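Engineer: So here's my_file-v7.pdb, just PDB, C-alpha atoms:
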```pdb
ATOM      1  CA  ALA A   1     -59.347-137.578 -62.737  1.00  0.00           C
ATOM      2  CA  GLN A   2     -58.731-140.717 -60.760  1.00  0.00           C
ATOM      3  CA  ARG A   3     -61.655-142.665 -59.366  1.00  0.00           C
ATOM      4  CA  VAL A   4     -62.150-145.906 -57.483  1.00  0.00           C
ATOM      5  CA  THR A   5     -65.400-147.851 -57.673  1.00  0.00           C
ATOM      6  CA  GLN A   6     -66.470-150.537 -55.237  1.00  0.00           C
ATOM      7  CA  PRO A   7     -69.857-151.720 -56.478  1.00  0.00           C
ATOM      8  CA  GLU A   8     -70.900-153.651 -53.394  1.00  0.00           C
ATOM      9  CA  LYS A   9     -71.724-151.898 -50.153  1.00  0.00           C
ATOM     10  CA  LEU A  10     -72.226-155.207 -48.356  1.00  0.00           C
ATOM     11  CA  LEU A  11     -70.987-158.692 -49.090  1.00  0.00           C
ATOM     12  CA  SER A  12     -72.161-161.581 -46.934  1.00  0.00           C
ATOM     13  CA  VAL A  13     -70.514-164.976 -47.200  1.00  0.00           C
ATOM     14  CA  PHE A  14     -70.502-168.101 -45.091  1.00  0.00           C
ATOM     15  CA  LYS A  15     -67.410-169.129 -43.185  1.00  0.00           C
ATOM     16  CA  GLY A  16     -65.211-171.253 -45.422  1.00  0.00           C
ATOM     17  CA  ALA A  17     -66.662-169.842 -48.641  1.00  0.00           C
ATOM     18  CA  PRO A  18     -64.509-167.943 -51.146  1.00  0.00           C
ATOM     19  CA  VAL A  19     -64.508-164.168 -51.006  1.00  0.00           C
ATOM     20  CA  GLU A  20     -64.081-161.660 -53.817  1.00  0.00           C
ATOM     21  CA  LEU A  21     -64.351-157.950 -53.135  1.00  0.00           C
ATOM     22  CA  LYS A  22     -64.556-156.005 -56.376  1.00  0.00           C
ATOM     23  CA  CYS A  23     -62.644-152.846 -57.179  1.00  0.00           C
ATOM     24  CA  ASN A  24     -62.426-150.968 -60.459  1.00  0.00           C
ATOM     25  CA  TYR A  25     -60.465-147.832 -61.052  1.00  0.00           C
ATOM     26  CA  SER A  26     -60.212-145.150 -63.671  1.00  0.00           C
ATOM     27  CA  TYR A  27     -56.831-143.730 -64.489  1.00  0.00           C
ATOM     28  CA  SER A  28     -54.940-143.777 -67.727  1.00  0.00           C
ATOM     29  CA  GLY A  29     -51.443-144.073 -66.353  1.00  0.00           C
ATOM     30  CA  SER A  30     -49.770-146.548 -64.037  1.00  0.00           C
ATOM     31  CA  PRO A  31     -51.379-146.285 -60.632  1.00  0.00           C
ATOM     32  CA  GLU A  32     -50.420-147.834 -57.360  1.00  0.00           C
ATOM     33  CA  LEU A  33     -53.339-149.812 -55.964  1.00  0.00           C
ATOM     34  CA  PHE A  34     -54.031-150.689 -52.352  1.00  0.00           C
ATOM     35  CA  TRP A  35     -56.531-152.420 -50.126  1.00  0.00           C
ATOM     36  CA  TYR A  36     -57.168-150.937 -46.691  1.00  0.00           C
ATOM     37  CA  VAL A  37     -59.171-152.643 -43.949  1.00  0.00           C
ATOM     38  CA  GLN A  38     -60.982-151.354 -40.890  1.00  0.00           C
ATOM     39  CA  TYR A  39     -61.999-153.896 -38.279  1.00  0.00           C
ATOM     40  CA  SER A  40     -64.710-153.011 -35.789  1.00  0.00           C
ATOM     41  CA  ARG A  41     -63.542-150.295 -33.381  1.00  0.00           C
ATOM     42  CA  GLN A  42     -60.077-150.252 -34.917  1.00  0.00           C
ATOM     43  CA  ARG A  43     -58.199-147.845 -37.123  1.00  0.00           C
ATOM     44  CA  LEU A  44     -57.981-147.932 -40.850  1.00  0.00           C
ATOM     45  CA  GLN A  45     -54.889-149.892 -41.846  1.00  0.00           C
ATOM     46  CA  LEU A  46     -53.141-150.980 -44.990  1.00  0.00           C
ATOM     47  CA  LEU A  47     -53.868-154.599 -45.903  1.00  0.00           C
ATOM     48  CA  LEU A  48     -51.843-154.949 -49.074  1.00  0.00           C
ATOM     49  CA  ARG A  49     -50.523-153.085 -52.112  1.00  0.00           C
ATOM     50  CA  HIS A  50     -50.271-154.424 -55.626  1.00  0.00           C
ATOM     51  CA  ILE A  51     -46.558-153.934 -56.096  1.00  0.00           C
ATOM     52  CA  SER A  52     -45.774-156.161 -53.129  1.00  0.00           C
ATOM     53  CA  ARG A  53     -47.531-159.111 -54.774  1.00  0.00           C
ATOM     54  CA  GLU A  54     -47.859-160.786 -51.407  1.00  0.00           C
ATOM     55  CA  SER A  55     -50.605-162.558 -49.530  1.00  0.00           C
ATOM     56  CA  ILE A  56     -51.695-160.962 -46.277  1.00  0.00           C
ATOM     57  CA  LYS A  57     -54.002-162.893 -43.936  1.00  0.00           C
ATOM     58  CA  GLY A  58     -54.742-165.171 -46.879  1.00  0.00           C
ATOM     59  CA  PHE A  59     -55.890-162.284 -49.083  1.00  0.00           C
ATOM     60  CA  THR A  60     -54.450-161.606 -52.523  1.00  0.00           C
ATOM     61  CA  ALA A  61     -55.194-159.009 -55.162  1.00  0.00           C
ATOM     62  CA  ASP A  62     -54.042-158.890 -58.762  1.00  0.00           C
ATOM     63  CA  LEU A  63     -53.887-155.719 -60.779  1.00  0.00           C
ATOM     64  CA  ASN A  64     -55.566-156.206 -64.151  1.00  0.00           C
ATOM     65  CA  LYS A  65     -54.732-153.175 -66.246  1.00  0.00           C
ATOM     66  CA  GLY A  66     -56.841-154.353 -69.176  1.00  0.00           C
ATOM     67  CA  GLU A  67     -59.978-154.483 -67.036  1.00  0.00           C
ATOM     68  CA  THR A  68     -58.752-151.689 -64.707  1.00  0.00           C
ATOM     69  CA  SER A  69     -59.576-153.902 -61.757  1.00  0.00           C
ATOM     70  CA  PHE A  70     -57.925-154.822 -58.480  1.00  0.00           C
ATOM     71  CA  HIS A  71     -60.246-157.359 -56.881  1.00  0.00           C
ATOM     72  CA  LEU A  72     -59.446-158.724 -53.425  1.00  0.00           C
ATOM     73  CA  LYS A  73     -59.746-162.473 -53.006  1.00  0.00           C
ATOM     74  CA  LYS A  74     -59.524-165.096 -50.318  1.00  0.00           C
ATOM     75  CA  PRO A  75     -60.250-168.771 -50.901  1.00  0.00           C
ATOM     76  CA  PHE A  76     -61.779-169.517 -47.497  1.00  0.00           C
ATOM     77  CA  ALA A  77     -63.406-166.764 -45.442  1.00  0.00           C
ATOM     78  CA  GLN A  78     -62.924-166.649 -41.682  1.00  0.00           C
ATOM     79  CA  GLU A  79     -65.129-164.914 -39.137  1.00  0.00           C
ATOM     80  CA  GLU A  80     -62.276-162.579 -38.236  1.00  0.00           C
ATOM     81  CA  ASP A  81     -62.271-161.278 -41.810  1.00  0.00           C
ATOM     82  CA  SER A  82     -65.504-159.410 -41.112  1.00  0.00           C
ATOM     83  CA  ALA A  83     -64.607-155.749 -41.588  1.00  0.00           C
ATOM     84  CA  MET A  84     -64.881-152.753 -43.883  1.00  0.00           C
ATOM     85  CA  TYR A  85     -62.599-152.947 -46.885  1.00  0.00           C
ATOM     86  CA  TYR A  86     -61.522-149.960 -48.964  1.00  0.00           C
ATOM     87  CA  CYS A  87     -59.793-150.053 -52.304  1.00  0.00           C
ATOM     88  CA  ALA A  88     -57.512-147.083 -52.978  1.00  0.00           C
ATOM     89  CA  LEU A  89     -55.121-145.741 -55.560  1.00  0.00           C
ATOM     90  CA  ASN A  90     -52.362-143.223 -55.987  1.00  0.00           C
ATOM     91  CA  SER A  91     -51.604-142.095 -59.462  1.00  0.00           C
ATOM     92  CA  GLY A  92     -49.716-138.869 -59.515  1.00  0.00           C
ATOM     93  CA  GLY A  93     -46.466-139.626 -57.824  1.00  0.00           C
ATOM     94  CA  TYR A  94     -47.639-137.456 -54.968  1.00  0.00           C
ATOM     95  CA  GLN A  95     -48.907-138.848 -51.691  1.00  0.00           C
ATOM     96  CA  LYS A  96     -52.577-138.216 -52.493  1.00  0.00           C
ATOM     97  CA  VAL A  97     -54.545-141.435 -52.123  1.00  0.00           C
ATOM     98  CA  THR A  98     -58.063-141.782 -53.518  1.00  0.00           C
ATOM     99  CA  PHE A  99     -60.340-144.218 -51.697  1.00  0.00           C
ATOM    100  CA  GLY A 100     -63.419-146.078 -52.853  1.00  0.00           C
ATOM    101  CA  THR A 101     -66.646-146.044 -50.881  1.00  0.00           C
ATOM    102  CA  GLY A 102     -65.870-149.335 -49.184  1.00  0.00           C
ATOM    103  CA  THR A 103     -67.423-152.783 -48.969  1.00  0.00           C
ATOM    104  CA  LYS A 104     -68.540-154.268 -45.691  1.00  0.00           C
ATOM    105  CA  LEU A 105     -67.654-157.942 -45.549  1.00  0.00           C
ATOM    106  CA  GLN A 106     -69.792-160.006 -43.241  1.00  0.00           C
ATOM    107  CA  VAL A 107     -68.697-163.601 -42.656  1.00  0.00           C
ATOM    108  CA  ILE A 108     -71.555-165.700 -41.352  1.00  0.00           C
ATOM    109  CA  PRO A 109     -70.556-168.490 -38.939  1.00  0.00           C
TER
ATOM    110  CA  ASP B 110     -49.373-146.427 -27.590  1.00  0.00           C
ATOM    111  CA  THR B 111     -46.959-145.098 -30.198  1.00  0.00           C
ATOM    112  CA  GLY B 112     -49.485-144.744 -32.975  1.00  0.00           C
ATOM    113  CA  VAL B 113     -51.049-141.632 -34.445  1.00  0.00           C
ATOM    114  CA  SER B 114     -53.184-139.813 -31.904  1.00  0.00           C
ATOM    115  CA  GLN B 115     -55.964-137.311 -32.486  1.00  0.00           C
ATOM    116  CA  ASN B 116     -57.708-134.961 -30.103  1.00  0.00           C
ATOM    117  CA  PRO B 117     -60.460-134.493 -29.345  1.00  0.00           C
ATOM    118  CA  ARG B 118     -62.098-137.766 -30.321  1.00  0.00           C
ATOM    119  CA  HIS B 119     -65.516-136.145 -30.486  1.00  0.00           C
ATOM    120  CA  LYS B 120     -66.588-132.557 -30.961  1.00  0.00           C
ATOM    121  CA  ILE B 121     -70.096-131.152 -30.975  1.00  0.00           C
ATOM    122  CA  THR B 122     -70.432-127.541 -31.949  1.00  0.00           C
ATOM    123  CA  LYS B 123     -73.050-125.074 -33.098  1.00  0.00           C
ATOM    124  CA  ARG B 124     -73.165-123.781 -36.625  1.00  0.00           C
ATOM    125  CA  GLY B 125     -70.972-120.752 -37.053  1.00  0.00           C
ATOM    126  CA  GLN B 126     -68.466-121.675 -34.364  1.00  0.00           C
ATOM    127  CA  ASN B 127     -64.780-122.351 -35.010  1.00  0.00           C
ATOM    128  CA  VAL B 128     -63.228-125.703 -34.154  1.00  0.00           C
ATOM    129  CA  THR B 129     -59.650-126.935 -34.053  1.00  0.00           C
ATOM    130  CA  PHE B 130     -58.421-130.503 -34.141  1.00  0.00           C
ATOM    131  CA  ARG B 131     -54.987-131.784 -33.291  1.00  0.00           C
ATOM    132  CA  CYS B 132     -53.016-134.683 -34.725  1.00  0.00           C
ATOM    133  CA  ASP B 133     -49.819-136.119 -33.275  1.00  0.00           C
ATOM    134  CA  PRO B 134     -48.077-138.368 -35.785  1.00  0.00           C
ATOM    135  CA  ILE B 135     -45.768-141.289 -35.137  1.00  0.00           C
ATOM    136  CA  SER B 136     -42.570-139.644 -33.943  1.00  0.00           C
ATOM    137  CA  GLU B 137     -40.207-140.520 -36.783  1.00  0.00           C
ATOM    138  CA  HIS B 138     -42.744-139.803 -39.524  1.00  0.00           C
ATOM    139  CA  ASN B 139     -42.085-136.690 -41.583  1.00  0.00           C
ATOM    140  CA  ARG B 140     -45.280-136.803 -43.650  1.00  0.00           C
ATOM    141  CA  LEU B 141     -48.743-136.038 -42.341  1.00  0.00           C
ATOM    142  CA  TYR B 142     -52.153-136.174 -44.012  1.00  0.00           C
ATOM    143  CA  TRP B 143     -55.683-135.049 -43.263  1.00  0.00           C
ATOM    144  CA  TYR B 144     -58.752-136.803 -44.630  1.00  0.00           C
ATOM    145  CA  ARG B 145     -62.478-136.326 -44.185  1.00  0.00           C
ATOM    146  CA  GLN B 146     -64.921-139.210 -44.123  1.00  0.00           C
ATOM    147  CA  THR B 147     -68.677-138.874 -44.270  1.00  0.00           C
ATOM    148  CA  LEU B 148     -71.198-141.633 -43.706  1.00  0.00           C
ATOM    149  CA  GLY B 149     -71.119-144.277 -46.407  1.00  0.00           C
ATOM    150  CA  GLN B 150     -68.043-142.841 -48.078  1.00  0.00           C
ATOM    151  CA  GLY B 151     -64.373-143.611 -48.042  1.00  0.00           C
ATOM    152  CA  PRO B 152     -61.833-141.144 -46.700  1.00  0.00           C
ATOM    153  CA  GLU B 153     -61.393-138.064 -48.897  1.00  0.00           C
ATOM    154  CA  PHE B 154     -57.977-136.451 -49.093  1.00  0.00           C
ATOM    155  CA  LEU B 155     -57.810-132.915 -47.722  1.00  0.00           C
ATOM    156  CA  THR B 156     -54.161-131.971 -47.406  1.00  0.00           C
ATOM    157  CA  TYR B 157     -50.635-133.281 -46.971  1.00  0.00           C
ATOM    158  CA  PHE B 158     -47.502-132.016 -45.224  1.00  0.00           C
ATOM    159  CA  GLN B 159     -43.919-132.983 -45.667  1.00  0.00           C
ATOM    160  CA  ASN B 160     -42.181-131.758 -42.536  1.00  0.00           C
ATOM    161  CA  GLU B 161     -43.670-128.292 -42.016  1.00  0.00           C
ATOM    162  CA  ALA B 162     -44.434-127.622 -45.673  1.00  0.00           C
ATOM    163  CA  GLN B 163     -47.993-128.038 -46.905  1.00  0.00           C
ATOM    164  CA  LEU B 164     -47.396-129.624 -50.302  1.00  0.00           C
ATOM    165  CA  GLU B 165     -50.872-130.358 -51.548  1.00  0.00           C
ATOM    166  CA  LYS B 166     -54.403-129.241 -50.817  1.00  0.00           C
ATOM    167  CA  SER B 167     -57.626-130.653 -52.136  1.00  0.00           C
ATOM    168  CA  ARG B 168     -60.267-128.442 -53.695  1.00  0.00           C
ATOM    169  CA  LEU B 169     -62.462-129.806 -50.894  1.00  0.00           C
ATOM    170  CA  LEU B 170     -60.481-127.611 -48.536  1.00  0.00           C
ATOM    171  CA  SER B 171     -62.461-124.380 -48.709  1.00  0.00           C
ATOM    172  CA  ASP B 172     -61.251-121.050 -47.377  1.00  0.00           C
ATOM    173  CA  ARG B 173     -62.856-121.891 -44.042  1.00  0.00           C
ATOM    174  CA  PHE B 174     -60.402-124.758 -43.559  1.00  0.00           C
ATOM    175  CA  SER B 175     -56.790-124.246 -42.614  1.00  0.00           C
ATOM    176  CA  ALA B 176     -54.148-126.725 -41.583  1.00  0.00           C
ATOM    177  CA  GLU B 177     -50.759-126.123 -40.056  1.00  0.00           C
ATOM    178  CA  ARG B 178     -47.775-128.125 -39.005  1.00  0.00           C
ATOM    179  CA  PRO B 179     -45.536-125.406 -37.590  1.00  0.00           C
ATOM    180  CA  LYS B 180     -42.579-127.431 -36.347  1.00  0.00           C
ATOM    181  CA  GLY B 181     -42.943-130.452 -38.540  1.00  0.00           C
ATOM    182  CA  SER B 182     -44.360-132.509 -35.694  1.00  0.00           C
ATOM    183  CA  PHE B 183     -48.023-132.212 -34.638  1.00  0.00           C
ATOM    184  CA  SER B 184     -50.604-130.650 -36.921  1.00  0.00           C
ATOM    185  CA  THR B 185     -53.811-128.711 -36.394  1.00  0.00           C
ATOM    186  CA  LEU B 186     -56.857-128.499 -38.624  1.00  0.00           C
ATOM    187  CA  GLU B 187     -59.113-125.509 -38.033  1.00  0.00           C
ATOM    188  CA  ILE B 188     -62.579-125.042 -39.456  1.00  0.00           C
ATOM    189  CA  GLN B 189     -63.983-121.539 -39.212  1.00  0.00           C
ATOM    190  CA  ARG B 190     -67.683-120.694 -39.249  1.00  0.00           C
ATOM    191  CA  THR B 191     -68.697-124.345 -39.219  1.00  0.00           C
ATOM    192  CA  GLU B 192     -71.632-125.501 -41.313  1.00  0.00           C
ATOM    193  CA  GLN B 193     -73.795-128.576 -40.894  1.00  0.00           C
ATOM    194  CA  GLY B 194     -72.170-130.035 -43.994  1.00  0.00           C
ATOM    195  CA  ASP B 195     -68.858-130.094 -42.139  1.00  0.00           C
ATOM    196  CA  SER B 196     -70.154-132.889 -39.905  1.00  0.00           C
ATOM    197  CA  ALA B 197     -67.863-135.823 -40.571  1.00  0.00           C
ATOM    198  CA  MET B 198     -65.035-137.928 -39.238  1.00  0.00           C
ATOM    199  CA  TYR B 199     -61.700-136.152 -39.674  1.00  0.00           C
ATOM    200  CA  LEU B 200     -58.840-138.589 -40.019  1.00  0.00           C
ATOM    201  CA  CYS B 201     -55.144-137.931 -39.690  1.00  0.00           C
ATOM    202  CA  ALA B 202     -52.423-140.224 -41.000  1.00  0.00           C
ATOM    203  CA  SER B 203     -48.655-140.121 -41.002  1.00  0.00           C
ATOM    204  CA  SER B 204     -45.880-141.840 -42.903  1.00  0.00           C
ATOM    205  CA  ARG B 205     -42.144-142.001 -43.211  1.00  0.00           C
ATOM    206  CA  GLN B 206     -40.720-140.944 -46.524  1.00  0.00           C
ATOM    207  CA  LEU B 207     -39.346-143.988 -48.283  1.00  0.00           C
ATOM    208  CA  GLY B 208     -35.933-144.114 -49.870  1.00  0.00           C
ATOM    209  CA  GLY B 209     -35.322-144.200 -53.601  1.00  0.00           C
ATOM    210  CA  GLY B 210     -36.075-147.311 -55.597  1.00  0.00           C
ATOM    211  CA  GLY B 211     -39.075-148.332 -53.517  1.00  0.00           C
ATOM    212  CA  PRO B 212     -42.809-147.783 -54.003  1.00  0.00           C
ATOM    213  CA  VAL B 213     -43.884-144.239 -54.699  1.00  0.00           C
ATOM    214  CA  THR B 214     -46.570-144.198 -52.052  1.00  0.00           C
ATOM    215  CA  ASP B 215     -45.671-144.429 -48.387  1.00  0.00           C
ATOM    216  CA  THR B 216     -47.589-146.685 -46.052  1.00  0.00           C
ATOM    217  CA  GLN B 217     -49.898-144.349 -44.191  1.00  0.00           C
ATOM    218  CA  TYR B 218     -50.753-145.039 -40.559  1.00  0.00           C
ATOM    219  CA  PHE B 219     -54.096-143.679 -39.496  1.00  0.00           C
ATOM    220  CA  GLY B 220     -55.274-142.192 -36.256  1.00  0.00           C
ATOM    221  CA  PRO B 221     -58.620-142.961 -34.617  1.00  0.00           C
ATOM    222  CA  GLY B 222     -60.234-139.840 -36.028  1.00  0.00           C
ATOM    223  CA  THR B 223     -62.150-136.885 -34.612  1.00  0.00           C
ATOM    224  CA  ARG B 224     -65.896-137.034 -35.101  1.00  0.00           C
ATOM    225  CA  LEU B 225     -67.358-133.571 -35.648  1.00  0.00           C
ATOM    226  CA  THR B 226     -71.057-132.894 -35.268  1.00  0.00           C
ATOM    227  CA  VAL B 227     -72.304-129.451 -36.240  1.00  0.00           C
ATOM    228  CA  LEU B 228     -75.748-128.654 -34.870  1.00  0.00           C
TER
END
```
How does this structure look as structure tokens?

Structural biologist:
Amino acid sequence: AQRVTQPEKLLSVFKGAPVELKCNYSYSGSPELFWYVQYSRQRLQLLLRHISRESIKGFTADLNKGETSFHLKKPFAQEEDSAMYYCALNSGGYQKVTFGTGTKLQVIP
Amino acid sequence: DTGVSQNPRHKITKRGQNVTFRCDPISEHNRLYWYRQTLGQGPEFLTYFQNEAQLEKSRLLSDRFSAERPKGSFSTLEIQRTEQGDSAMYLCASSRQLGGGGPVTDTQYFGPGTRLTVL
């Protein structure tokens, strides 16, 4: 069975500090990994996916198959980054996405 | 607004009643998904349609739940004989099937959700 673990329910950082949101997954094959974000009073939206290997809003995430991790990082947090972040994966070739429980990022001015 | 829309946005019902939710996807999207999200949890996959065909259903979807997408456009999710444990946010998402050679998983676009409260 596939599972996504986000160990932190809340992460508070000061503006300008580095951010790392942790995500670990369990799946023996080759999953697709994603980060979704939900800003206050907005819809859930895709932030980035591992195969794109791109930086979105200054965020990057590297898939580490050895550690089965897909941590989300940003070198300098901004107040507008405050949101709920969900790590997710799809493993089966179908369109079924499994989400983690989410981490609330709070950037303190 | 050309995004995914869901109606109603809020529904309060008494235990034992039936409820139906509607989702209108982005017009050119042929795939549609339903998720359920309870407090403190991420969205949980319920079911998925490609055009009008329901291709996958989660074991979470008990016999009291049924989803349809009769013409491959909007979809409805019905819950019969609601229970207090059905209280949750029900999210709909849609996507456009990608061509060959690209990522396996489509980018899903989510609606605002329908919040169900069962008293």

Engineer: Taking the file as shown, what set of residues would the PyMOL selection byres ((chain A and resi 12-20) around 9) give back, as a list in words?

Structural biologist: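 Matching residues under the PyMOL selection byres ((chain A and resi 12-20) around 9) are Leu10, Leu11, Leu21, Lys22, His71, Leu72, Lys73, Lys74, Pro75, Phe76, Ala77, Gln78, Glu79, Lys104, Leu105, Gln106, Val107, Ile108 and Pro109 of chain A.
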
Engineer: Considering all atoms listed in the file, can you say which of A:Ser69, A:Gln95, A:Asn90, A:Ser40 comes closest to Ser204 in chain B?

Structural biologist: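 For Ser204 in chain B, the nearest of the candidates is A:Gln95.
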
Engineer: Could you list the residues chosen by the PyMOL selection byres ((chain B) within 9 of (chain A)) in this structure as a PyMOL selection string?

Structural biologist: chain B and resi 142+149-157+165+212-222

Engineer: Please enumerate the residues selected by the PyMOL selection byres ((chain B and resi 227) around 8) when evaluated against the supplied file, formatted as a CSV table (one decimal) with C-alpha atoms, keeping the file's coordinate frame.

Structural biologist:
```
chain,number,residue,atom,x,y,z
B,121,ILE,CA,-70.1,-131.2,-31.0
B,122,THR,CA,-70.4,-127.5,-31.9
B,123,LYS,CA,-73.0,-125.1,-33.1
B,124,ARG,CA,-73.2,-123.8,-36.6
B,191,THR,CA,-68.7,-124.3,-39.2
B,192,GLU,CA,-71.6,-125.5,-41.3
B,193,GLN,CA,-73.8,-128.6,-40.9
B,194,GLY,CA,-72.2,-130.0,-44.0
B,195,ASP,CA,-68.9,-130.1,-42.1
B,196,SER,CA,-70.2,-132.9,-39.9
B,225,LEU,CA,-67.4,-133.6,-35.6
B,226,THR,CA,-71.1,-132.9,-35.3
B,228,LEU,CA,-75.7,-128.7,-34.9
```

Engineer: Suppose you want the space between CA of Thr60 in chain A and CA of Leu200 in chain B; what is it in Å?

Structural biologist: 26.6 Å
